[in-house]
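So this one's coords_25.txt, compact mmCIF, C-alpha atoms and all ligand atoms:
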# COMPACT_ATOMS: atom_id res chain seq x y z
CA MET A 11 4.25 8.49 -9.54
CA ARG A 12 1.08 9.87 -11.08
CA VAL A 13 1.63 11.66 -14.36
CA ILE A 14 -0.39 14.83 -14.69
CA ALA A 15 -3.16 14.30 -17.22
CA PRO A 16 -4.13 17.14 -19.61
CA GLN A 17 -7.56 16.99 -17.97
CA ASP A 18 -5.89 17.98 -14.66
CA VAL A 19 -4.44 21.09 -16.31
CA LEU A 20 -7.84 22.09 -17.73
CA ALA A 21 -9.48 21.53 -14.34
CA ALA A 22 -6.84 23.67 -12.61
CA ALA A 23 -7.32 26.45 -15.16
CA ALA A 24 -11.09 26.33 -14.78
CA ALA A 25 -10.81 26.39 -10.99
CA ASP A 26 -8.47 29.39 -10.99
CA PRO A 27 -7.94 31.42 -14.20
CA HIS A 28 -4.99 33.18 -12.54
CA SER A 29 -3.17 29.95 -11.72
CA THR A 30 -0.14 28.77 -13.70
CA ALA A 31 -2.45 26.49 -15.68
CA GLY A 32 -4.91 29.34 -16.29
CA SER A 33 -2.25 31.62 -17.71
CA LEU A 34 -1.05 29.00 -20.19
CA ARG A 35 -1.83 29.95 -23.81
CA VAL A 36 -4.07 27.40 -25.52
CA PRO A 37 -1.61 26.83 -28.42
CA ASP A 38 1.18 26.12 -25.89
CA PHE A 39 -1.09 23.73 -24.01
CA LEU A 40 -1.80 21.87 -27.23
CA THR A 41 1.79 21.57 -28.46
CA ALA A 42 2.86 20.30 -25.01
CA LEU A 43 0.67 17.25 -25.66
CA PRO A 44 2.20 14.15 -27.25
CA ALA A 45 2.19 14.13 -31.07
CA ILE A 46 0.62 17.58 -31.47
CA GLY A 47 2.77 19.76 -33.74
CA ALA A 48 2.15 23.24 -35.13
CA GLY A 49 0.01 22.02 -38.02
CA LYS A 50 -2.31 19.92 -35.91
CA ARG A 51 -2.43 22.65 -33.27
CA ASP A 52 -3.77 25.18 -35.78
CA ARG A 53 -6.36 22.75 -37.17
CA ILE A 54 -7.59 21.94 -33.65
CA LEU A 55 -7.85 25.64 -32.74
CA ALA A 56 -9.84 26.28 -35.92
CA ASP A 57 -12.13 23.29 -35.33
CA LEU A 58 -12.80 24.34 -31.74
CA GLN A 59 -13.15 28.00 -32.76
CA ILE A 60 -10.55 29.15 -30.24
CA SER A 61 -8.35 32.14 -31.02
CA PRO A 62 -4.59 31.44 -30.73
CA VAL A 63 -4.17 34.40 -28.36
CA LYS A 64 -6.47 32.81 -25.78
CA ARG A 65 -5.21 31.51 -22.46
CA LEU A 66 -6.76 28.47 -20.76
CA GLY A 67 -8.13 30.66 -17.98
CA GLY A 68 -9.74 33.02 -20.48
CA LEU A 69 -11.93 30.53 -22.31
CA GLY A 70 -15.69 30.80 -22.27
CA THR A 71 -17.74 27.89 -20.98
CA ARG A 72 -18.54 26.55 -24.46
CA GLN A 73 -14.89 26.70 -25.50
CA GLN A 74 -13.83 25.02 -22.25
CA GLN A 75 -16.30 22.22 -22.85
CA ALA A 76 -15.22 21.80 -26.47
CA LEU A 77 -11.55 21.63 -25.51
CA ARG A 78 -12.26 19.17 -22.68
CA ALA A 79 -14.30 16.95 -25.03
CA TRP A 80 -11.48 16.99 -27.57
CA VAL A 81 -8.89 16.09 -24.87
CA ASP A 82 -11.10 13.27 -23.53
CA THR A 83 -11.41 11.75 -26.99
CA ARG A 84 -7.77 12.14 -27.86
CA PHE A 85 -6.29 11.26 -24.44
CA PRO A 86 -8.84 9.06 -22.67
CA LEU A 87 -8.25 8.78 -18.94
CA PRO A 88 -7.58 5.29 -17.60
CA SER A 89 -10.63 3.78 -15.94
CA PRO A 90 -11.29 5.58 -12.68
CA ARG A 91 -8.98 4.41 -9.94
CA GLU A 92 -11.23 5.46 -7.09
CA GLY A 93 -12.29 2.47 -5.10
CA ARG A 94 -11.63 0.07 -7.93
CA SER A 95 -8.09 -1.23 -7.86
CA ARG A 96 -7.50 -4.25 -5.70
CA LEU A 97 -3.93 -3.19 -4.97
CA LEU A 98 -4.01 -0.73 -2.10
CA VAL A 99 -0.90 1.00 -0.79
CA LEU A 100 -0.85 2.56 2.68
CA ALA A 101 1.98 5.00 3.28
CA GLY A 102 2.61 8.01 5.50
CA PRO A 103 5.16 9.58 7.81
CA THR A 104 6.89 7.77 10.64
CA ALA A 105 4.73 6.97 13.68
CA VAL A 106 1.50 8.19 12.06
CA GLY A 107 0.12 4.72 12.84
CA LYS A 108 0.53 2.77 9.59
CA GLY A 109 1.47 -0.40 11.43
CA THR A 110 -1.35 0.03 13.95
CA VAL A 111 -3.99 0.64 11.26
CA ALA A 112 -2.66 -2.25 9.14
CA ALA A 113 -2.77 -4.58 12.19
CA HIS A 114 -6.37 -3.53 12.87
CA ILE A 115 -7.26 -4.37 9.28
CA ARG A 116 -5.47 -7.74 9.52
CA GLU A 117 -7.50 -8.64 12.61
CA ASN A 118 -10.88 -7.48 11.38
CA HIS A 119 -10.73 -8.10 7.66
CA PRO A 120 -9.36 -11.56 6.90
CA GLU A 121 -10.64 -11.13 3.34
CA ILE A 122 -7.92 -8.54 2.72
CA HIS A 123 -4.46 -9.94 2.05
CA LEU A 124 -1.87 -7.98 4.00
CA SER A 125 1.48 -8.22 2.27
CA VAL A 126 4.37 -9.47 4.43
CA SER A 127 7.58 -7.64 3.56
CA ALA A 128 11.13 -8.90 3.59
CA THR A 129 13.52 -6.88 5.71
CA THR A 130 17.18 -6.91 6.72
CA ARG A 131 16.43 -5.53 10.17
CA ALA A 132 16.45 -7.88 13.17
CA PRO A 133 13.14 -9.04 14.65
CA ARG A 134 11.88 -7.14 17.67
CA PRO A 135 10.59 -9.06 20.67
CA GLY A 136 7.29 -10.68 19.75
CA GLU A 137 7.76 -10.41 16.00
CA GLN A 138 7.43 -13.65 14.10
CA ASP A 139 9.20 -14.56 10.89
CA GLY A 140 6.67 -14.85 8.07
CA VAL A 141 3.95 -13.05 10.03
CA HIS A 142 5.24 -9.53 10.66
CA TYR A 143 8.17 -9.71 8.23
CA PHE A 144 10.37 -12.22 6.49
CA PHE A 145 13.64 -11.56 8.29
CA VAL A 146 16.52 -12.05 5.85
CA ASP A 147 20.21 -11.18 5.76
CA ASP A 148 21.84 -8.86 3.22
CA ALA A 149 22.91 -11.71 0.93
CA GLU A 150 19.38 -13.09 0.76
CA PHE A 151 17.94 -9.63 0.12
CA ASP A 152 20.47 -9.16 -2.72
CA ARG A 153 19.43 -12.52 -4.14
CA MET A 154 15.74 -11.57 -4.04
CA ILE A 155 16.51 -8.36 -5.94
CA ALA A 156 18.67 -10.18 -8.49
CA GLU A 157 15.98 -12.83 -9.11
CA GLY A 158 13.30 -10.17 -9.59
CA GLU A 159 11.36 -11.46 -6.59
CA LEU A 160 10.55 -8.00 -5.22
CA LEU A 161 7.82 -5.76 -6.57
CA GLU A 162 9.57 -2.80 -4.93
CA TYR A 163 12.27 -2.25 -2.33
CA ALA A 164 13.91 0.61 -0.52
CA THR A 165 16.32 1.50 2.23
CA VAL A 166 14.16 3.03 4.93
CA HIS A 167 15.35 5.59 7.48
CA ASN A 168 18.84 5.23 5.94
CA LYS A 169 19.27 1.92 7.65
CA PHE A 170 17.69 -1.36 6.68
CA ARG A 171 16.26 -2.61 3.44
CA TYR A 172 12.61 -3.51 3.04
CA GLY A 173 10.90 -5.03 0.04
CA THR A 174 7.57 -6.45 -1.10
CA PRO A 175 7.67 -10.06 -2.32
CA ARG A 176 5.93 -10.16 -5.68
CA LYS A 177 4.63 -13.77 -5.78
CA PRO A 178 2.19 -13.76 -2.83
CA ILE A 179 0.64 -10.54 -4.12
CA GLU A 180 0.17 -11.90 -7.61
CA ALA A 181 -1.36 -15.07 -6.15
CA ALA A 182 -3.78 -13.13 -3.92
CA LEU A 183 -4.81 -10.81 -6.77
CA ALA A 184 -5.34 -13.85 -9.03
CA GLU A 185 -7.71 -15.25 -6.37
CA GLY A 186 -9.67 -12.02 -6.57
CA LYS A 187 -8.51 -10.76 -3.18
CA THR A 188 -7.73 -7.19 -2.22
CA VAL A 189 -4.08 -6.69 -1.31
CA LEU A 190 -2.83 -4.10 1.16
CA LEU A 191 0.81 -2.98 1.21
CA GLU A 192 2.03 -1.00 4.22
CA ILE A 193 5.24 0.48 2.88
CA ASP A 194 7.23 3.70 2.83
CA LEU A 195 6.91 6.57 0.38
CA GLN A 196 9.73 5.43 -1.92
CA GLY A 197 8.05 2.03 -2.18
CA ALA A 198 4.65 3.61 -2.89
CA ARG A 199 6.17 5.50 -5.81
CA GLN A 200 7.68 2.31 -7.23
CA VAL A 201 4.36 0.49 -6.98
CA ARG A 202 2.65 3.35 -8.79
CA ALA A 203 5.26 3.10 -11.55
CA ALA A 204 4.85 -0.70 -11.78
CA ASP A 205 1.04 -0.56 -11.68
CA PRO A 206 -0.51 2.83 -12.44
CA SER A 207 -3.94 1.55 -11.39
CA ALA A 208 -2.77 0.93 -7.79
CA ASN A 209 -4.71 2.88 -5.19
CA LEU A 210 -2.39 5.02 -3.07
CA VAL A 211 -3.53 6.07 0.40
CA PHE A 212 -1.64 8.56 2.56
CA LEU A 213 -2.20 8.30 6.28
CA LEU A 214 -2.10 11.67 8.03
CA PRO A 215 -1.75 12.57 11.70
CA PRO A 216 -4.46 14.80 13.18
CA SER A 217 -1.70 17.38 13.77
CA TRP A 218 2.07 17.74 13.72
CA ASP A 219 2.19 17.81 17.54
CA GLU A 220 0.25 14.56 17.70
CA LEU A 221 2.74 12.94 15.29
CA VAL A 222 5.61 13.99 17.55
CA GLN A 223 3.70 12.66 20.57
CA ARG A 224 3.15 9.29 18.92
CA LEU A 225 6.79 8.97 17.97
CA VAL A 226 7.90 9.86 21.50
CA GLY A 227 5.16 7.71 23.06
CA ARG A 228 6.16 4.64 21.08
CA GLY A 229 9.55 4.87 22.73
CA THR A 230 11.39 2.82 20.12
CA GLU A 231 13.87 5.48 18.93
CA ASP A 232 16.36 7.64 20.79
CA ALA A 233 16.24 11.47 20.57
CA GLU A 234 18.70 11.68 17.68
CA GLU A 235 16.85 9.07 15.62
CA ARG A 236 13.51 10.74 16.40
CA ALA A 237 14.83 14.09 15.18
CA ARG A 238 16.05 12.45 11.96
CA ARG A 239 12.70 10.74 11.36
CA LEU A 240 10.81 13.97 11.98
CA ARG A 241 12.92 15.75 9.36
CA THR A 242 12.03 12.98 6.90
CA ALA A 243 8.39 13.20 7.98
CA LYS A 244 8.27 16.88 6.98
CA VAL A 245 9.45 15.99 3.47
CA GLU A 246 7.03 13.07 3.29
CA LEU A 247 4.05 15.16 4.37
CA ALA A 248 4.83 17.49 1.49
CA SER A 249 4.34 14.57 -0.92
CA GLN A 250 0.77 13.80 0.10
CA SER A 251 -0.68 15.32 -3.07
CA GLU A 252 0.87 12.46 -5.09
CA PHE A 253 -1.62 10.14 -3.41
CA ASP A 254 -5.12 9.22 -4.55
CA HIS A 255 -6.59 9.41 -1.08
CA ARG A 256 -5.76 10.91 2.30
CA VAL A 257 -7.03 9.40 5.53
CA VAL A 258 -6.53 11.11 8.89
CA ASN A 259 -5.62 8.66 11.66
CA GLU A 260 -7.41 10.26 14.56
CA ASP A 261 -9.01 7.07 15.75
CA VAL A 262 -7.57 3.69 14.65
CA ALA A 263 -10.87 1.90 13.99
CA THR A 264 -12.26 4.84 11.99
CA ALA A 265 -9.09 5.21 9.94
CA ALA A 266 -9.02 1.44 9.27
CA ARG A 267 -12.66 1.55 8.14
CA GLU A 268 -11.95 4.47 5.82
CA VAL A 269 -9.04 2.58 4.26
CA VAL A 270 -11.11 -0.58 3.82
CA GLU A 271 -13.90 1.43 2.20
CA LEU A 272 -11.46 2.42 -0.52
CA THR A 273 -11.01 -1.20 -1.55
CA ALA A 274 -12.82 -2.74 -4.47
CA ASP A 275 -14.77 -5.18 -2.30
CA SER A 276 -16.65 -2.51 -0.41
CA ALA A 277 -17.23 -0.47 -3.57
CA ARG A 278 -19.18 -3.30 -5.20
N1 LIG A 301 9.47 0.32 0.62
C1 LIG A 301 9.07 -0.49 1.60
N2 LIG A 301 8.90 -0.01 2.84
C2 LIG A 301 8.50 -0.87 3.80
C3 LIG A 301 8.22 -2.23 3.53
N3 LIG A 301 7.84 -2.81 4.68
C4 LIG A 301 7.85 -1.88 5.64
N4 LIG A 301 8.25 -0.68 5.11
C5 LIG A 301 8.41 0.59 5.82
O1 LIG A 301 9.55 0.54 6.63
C6 LIG A 301 9.40 1.44 7.72
C7 LIG A 301 9.97 0.85 8.96
O2 LIG A 301 9.16 -0.18 9.41
P1 LIG A 301 9.47 -0.95 10.76
O3 LIG A 301 10.84 -1.53 10.72
O4 LIG A 301 8.35 -1.91 11.04
O5 LIG A 301 9.56 0.16 11.84
P2 LIG A 301 8.53 1.25 12.34
O6 LIG A 301 8.85 2.52 11.61
O7 LIG A 301 8.84 1.30 13.76
O8 LIG A 301 7.12 0.73 12.06
C8 LIG A 301 7.94 1.82 7.74
O9 LIG A 301 7.84 3.15 7.25
C9 LIG A 301 7.29 0.86 6.78
O10 LIG A 301 6.20 1.48 6.11
C10 LIG A 301 8.41 -2.69 2.19
O11 LIG A 301 8.19 -3.85 1.85
N5 LIG A 301 8.83 -1.77 1.28
N1 LIG A 302 -5.15 6.72 16.15
C1 LIG A 302 -4.18 6.68 17.08
N2 LIG A 302 -4.34 7.37 18.23
C2 LIG A 302 -3.37 7.36 19.17
N3 LIG A 302 -2.22 6.68 19.07
C3 LIG A 302 -2.00 5.99 17.93
C4 LIG A 302 -2.96 5.95 16.88
N4 LIG A 302 -2.47 5.17 15.89
C5 LIG A 302 -1.26 4.75 16.29
N5 LIG A 302 -0.96 5.23 17.53
C6 LIG A 302 0.27 5.02 18.30
O1 LIG A 302 1.30 5.76 17.65
C7 LIG A 302 2.53 5.08 17.69
C8 LIG A 302 3.06 4.88 16.28
O2 LIG A 302 2.23 3.96 15.57
P1 LIG A 302 2.84 2.92 14.51
O3 LIG A 302 1.71 2.08 14.04
O4 LIG A 302 4.03 2.25 15.10
O5 LIG A 302 3.30 3.94 13.36
P2 LIG A 302 4.03 3.71 11.95
O6 LIG A 302 3.84 2.26 11.60
O7 LIG A 302 3.34 4.64 11.02
O8 LIG A 302 5.46 4.08 12.17
C9 LIG A 302 2.28 3.76 18.42
O9 LIG A 302 2.66 3.90 19.75
C10 LIG A 302 0.76 3.59 18.31
O10 LIG A 302 0.25 2.86 19.37
Turn this file's structure into structure tokens for me.
Ligand SMILES: Nc1nc2c(ncn2[C@@H]2O[C@H](COP(=O)(O)OP(=O)(O)O)[C@@H](O)[C@H]2O)c(=O)[nH]1
Ligand SMILES: Nc1ncnc2c1ncn2[C@@H]1O[C@H](COP(=O)(O)OP(=O)(O)O)[C@@H](O)[C@H]1O
Amino acid sequence: MRVIAPQDVLAAAAADPHSTAGSLRVPDFLTALPAIGAGKRDRILADLQISPVKRLGGLGTRQQQALRAWVDTRFPLPSPREGRSRLLVLAGPTAVGKGTVAAHIRENHPEIHLSVSATTRAPRPGEQDGVHYFFVDDAEFDRMIAEGELLEYATVHNKFRYGTPRKPIEAALAEGKTVLLEIDLQGARQVRAADPSANLVFLLPPSWDELVQRLVGRGTEDAEERARRLRTAKVELASQSEFDHRVVNEDVATAAREVVELTADSAR
């Protein structure tokens, strides 16, 4: 999960002086930072000519700029993630169209390596082992976890386990390819923890009603299961701010293009 950078707090305070960030006193902001104690705090305030009674939202422009410059020097941001990382994660609520968008990308962008997950669920008609998923039993999934073969794994919809095999991804990245993972929210968080430079994309439905329609229209779950997934979807939609990018899946080809444009290859 993305850790909030001090720069984010300053930006929030500048955007809205009455926000929580804006009402934070500058000395409290400073001592919340790693390795800044009372002594250093007072020296920094003196250097930047900021009174200790000031709140972040009450700083003048020059003071804001001075504080931001100090933060940038002391806590440099990692290189910008936007459009750069070659590890792209596509997540989003049930039935938003993750699988459909990923399939469109697989067909039209052979240069992008689409990760094939391992799963303990049974194949559906038409699904091929090694193409759509690696279908494994519980013992094999346990073995893959024990041997460290999975980059991330999770139990999805309280039922079956799904995981991303690490080796093929490392091989594709080593070849300079862009890798796309179509996984659930828990998995996306684990990937972020394992590789903070990963690019996280959240696929959104055009509306809640449309999401319900797609779930019903797909016809793969009964009413009880649909209700359960929709409850999970509400929670998942609330997590969208953890993601680097949001793409609305109104039209499959457009959404697929927007996802591809976030990859390193198209940014070059
Ligand atoms: N964490 C994680 N989730 C996965 C992985 N592969 C697929 N998923 C998620 O598992 C869920 C169920 O996928 P699937 O069985 O194909 O059923 P669907 O919901 O009908 O598409 C989807 O939300 C996928 O995003 C994986 O390797 N890791
Ligand atoms: N842009 C779209 N417009 C209309 N229907 C869509 C769109 N994207 C996906 N669908 C349909 O919505 C349903 C759910 O899509 P799916 O890819 O299975 O979702 P997910 O993988 O996110 O669970 C499918 O019936 C699919 O055909």
**Report entry** Protein and nucleic acid residues within 6 Å of ligand LIG 301 (chain A) (only C-alpha atoms and all ligand atoms) as a VMD selection string
**Finding:** chain A and resid 104 109 127 163 to 164 166 172 to 174 192 to 194 196 to 197
Query - All residues 6 Å or closer to region 60-74 of chain A, only C-alpha atoms, same chain fewer than 2 positions away omitted, as a ChimeraX atom specification - result: /A:23,27,32-37,55,58,76-77
If you keep C-alpha atoms, can you produce a file of those selected residues as a PDB file, keeping the file's coordinate frame?
ATOM      1  CA  ALA A  23      -7.320  26.450 -15.160  1.00  0.00           C
ATOM      2  CA  PRO A  27      -7.940  31.420 -14.200  1.00  0.00           C
ATOM      3  CA  GLY A  32      -4.910  29.340 -16.290  1.00  0.00           C
ATOM      4  CA  SER A  33      -2.250  31.620 -17.710  1.00  0.00           C
ATOM      5  CA  LEU A  34      -1.050  29.000 -20.190  1.00  0.00           C
ATOM      6  CA  ARG A  35      -1.830  29.950 -23.810  1.00  0.00           C
ATOM      7  CA  VAL A  36      -4.070  27.400 -25.520  1.00  0.00           C
ATOM      8  CA  PRO A  37      -1.610  26.830 -28.420  1.00  0.00           C
ATOM      9  CA  LEU A  55      -7.850  25.640 -32.740  1.00  0.00           C
ATOM     10  CA  LEU A  58     -12.800  24.340 -31.740  1.00  0.00           C
ATOM     11  CA  ALA A  76     -15.220  21.800 -26.470  1.00  0.00           C
ATOM     12  CA  LEU A  77     -11.550  21.630 -25.510  1.00  0.00           C
TER      13      LEU A  77
END
Report task. List all protein, DNA and RNA residues that have at least one atom no more than 10 Å from any atom of ligand LIG 302 (chain A), counting only C-alpha atoms and all ligand atoms, and write them as a PyMOL selection string. Result -> chain A and resi 100-114+192-194+213-216+220-230+239+258-266
Kindly provide the residues of region 122-143 of chain A that approach region 180-184 of chain A to within 10 Å, each paired with its closest atom pair and their distance in Å to one decimal, based on all atoms listed in the file, listed by chain and increasing number, as a Markdown table.
| residue | atom | partner | partner_atom | distance |
| --- | --- | --- | --- | --- |
| A:Ile122 | CA | A:Ala182 | CA | 9.1 |
| A:His123 | CA | A:Ala182 | CA | 6.8 |
| A:Leu124 | CA | A:Ala182 | CA | 9.6 |
| A:Ser125 | CA | A:Ala182 | CA | 9.5 |
Query raised in the report: At what distance in Å, to one decimal, does CA of Leu191 (chain A) lie from CA of Val99 (chain A)?
Result: 4.8 Å
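Comparing the minimum interatomic distances between Asp205 (chain A) and each of A:Phe151, A:Glu162, A:Phe144, A:Leu40, counting all atoms listed in the file, we find that A:Glu162 sits nearest.
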Query - Distance of CA of His255 (chain A) from CA of Leu210 (chain A), expressed in Å to one decimal place - result: 6.4 Å
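The interatomic distance for the pair CA of His167 (chain A) and CA of Ser207 (chain A) works out to 27.3 Å.
With distances taken over all atoms listed in the file, A:Leu161 is the one residue among A:Leu161, A:Leu247, A:Arg241, A:Leu87 lying closest to Ala203 (chain A).
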Query raised in the report: At most 7 Å from (17.0, -10.9, 11.4), file frame, only C-alpha atoms: which residues, as a PyMOL selection string?
Result: chain A and resi 130-133+145-147
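Remark: for Gln250 (chain A), the closest of the candidate residues A:Trp218, A:Val211, A:Ala42, A:Glu268 is A:Val211 (distances computed over all atoms listed in the file).
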Just need region 181-204 of chain A in a file, please: N, CA and C atoms, as a compact mmCIF listing (two decimals), in the first residue's frame.
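That gives us result09.txt:
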# COMPACT_ATOMS: atom_id res chain seq x y z
N ALA A 181 11.14 -13.11 -15.47
CA ALA A 181 11.76 -13.37 -16.78
C ALA A 181 11.31 -12.30 -17.79
N ALA A 182 10.01 -12.00 -17.80
CA ALA A 182 9.49 -11.02 -18.76
C ALA A 182 10.08 -9.63 -18.48
N LEU A 183 10.15 -9.26 -17.20
CA LEU A 183 10.72 -7.95 -16.86
C LEU A 183 12.20 -7.89 -17.27
N ALA A 184 12.90 -9.02 -17.06
CA ALA A 184 14.33 -9.07 -17.43
C ALA A 184 14.52 -8.89 -18.93
N GLU A 185 13.51 -9.33 -19.71
CA GLU A 185 13.57 -9.16 -21.17
C GLU A 185 13.17 -7.76 -21.59
N GLY A 186 12.81 -6.94 -20.61
CA GLY A 186 12.41 -5.56 -20.93
C GLY A 186 10.94 -5.41 -21.28
N LYS A 187 10.17 -6.47 -21.03
CA LYS A 187 8.74 -6.40 -21.36
C LYS A 187 7.93 -5.73 -20.26
N THR A 188 6.77 -5.22 -20.64
CA THR A 188 5.80 -4.74 -19.66
C THR A 188 4.95 -5.92 -19.22
N VAL A 189 4.68 -5.99 -17.92
CA VAL A 189 3.91 -7.11 -17.37
C VAL A 189 2.61 -6.58 -16.79
N LEU A 190 1.52 -7.24 -17.14
CA LEU A 190 0.20 -6.84 -16.62
C LEU A 190 -0.35 -7.95 -15.72
N LEU A 191 -0.71 -7.59 -14.51
CA LEU A 191 -1.34 -8.53 -13.59
C LEU A 191 -2.80 -8.14 -13.43
N GLU A 192 -3.70 -9.08 -13.67
CA GLU A 192 -5.13 -8.82 -13.43
C GLU A 192 -5.50 -9.60 -12.18
N ILE A 193 -5.52 -8.90 -11.06
CA ILE A 193 -5.67 -9.59 -9.77
C ILE A 193 -6.63 -8.82 -8.87
N ASP A 194 -6.93 -9.37 -7.72
CA ASP A 194 -7.90 -8.70 -6.85
C ASP A 194 -7.19 -7.65 -5.97
N LEU A 195 -7.99 -6.95 -5.19
CA LEU A 195 -7.47 -5.83 -4.40
C LEU A 195 -6.42 -6.26 -3.37
N GLN A 196 -6.66 -7.40 -2.72
CA GLN A 196 -5.69 -7.89 -1.72
C GLN A 196 -4.34 -8.15 -2.39
N GLY A 197 -4.41 -8.73 -3.60
CA GLY A 197 -3.19 -9.02 -4.35
C GLY A 197 -2.48 -7.73 -4.74
N ALA A 198 -3.27 -6.74 -5.18
CA ALA A 198 -2.68 -5.45 -5.60
C ALA A 198 -1.90 -4.84 -4.43
N ARG A 199 -2.46 -4.94 -3.24
CA ARG A 199 -1.78 -4.38 -2.07
C ARG A 199 -0.47 -5.12 -1.79
N GLN A 200 -0.48 -6.43 -1.98
CA GLN A 200 0.75 -7.19 -1.74
C GLN A 200 1.83 -6.85 -2.76
N VAL A 201 1.40 -6.64 -4.02
CA VAL A 201 2.37 -6.28 -5.05
C VAL A 201 2.99 -4.92 -4.72
N ARG A 202 2.15 -4.00 -4.29
CA ARG A 202 2.65 -2.67 -3.93
C ARG A 202 3.69 -2.77 -2.81
N ALA A 203 3.41 -3.67 -1.83
CA ALA A 203 4.35 -3.84 -0.73
C ALA A 203 5.65 -4.46 -1.21
N ALA A 204 5.54 -5.43 -2.16
CA ALA A 204 6.74 -6.11 -2.66
C ALA A 204 7.53 -5.20 -3.60
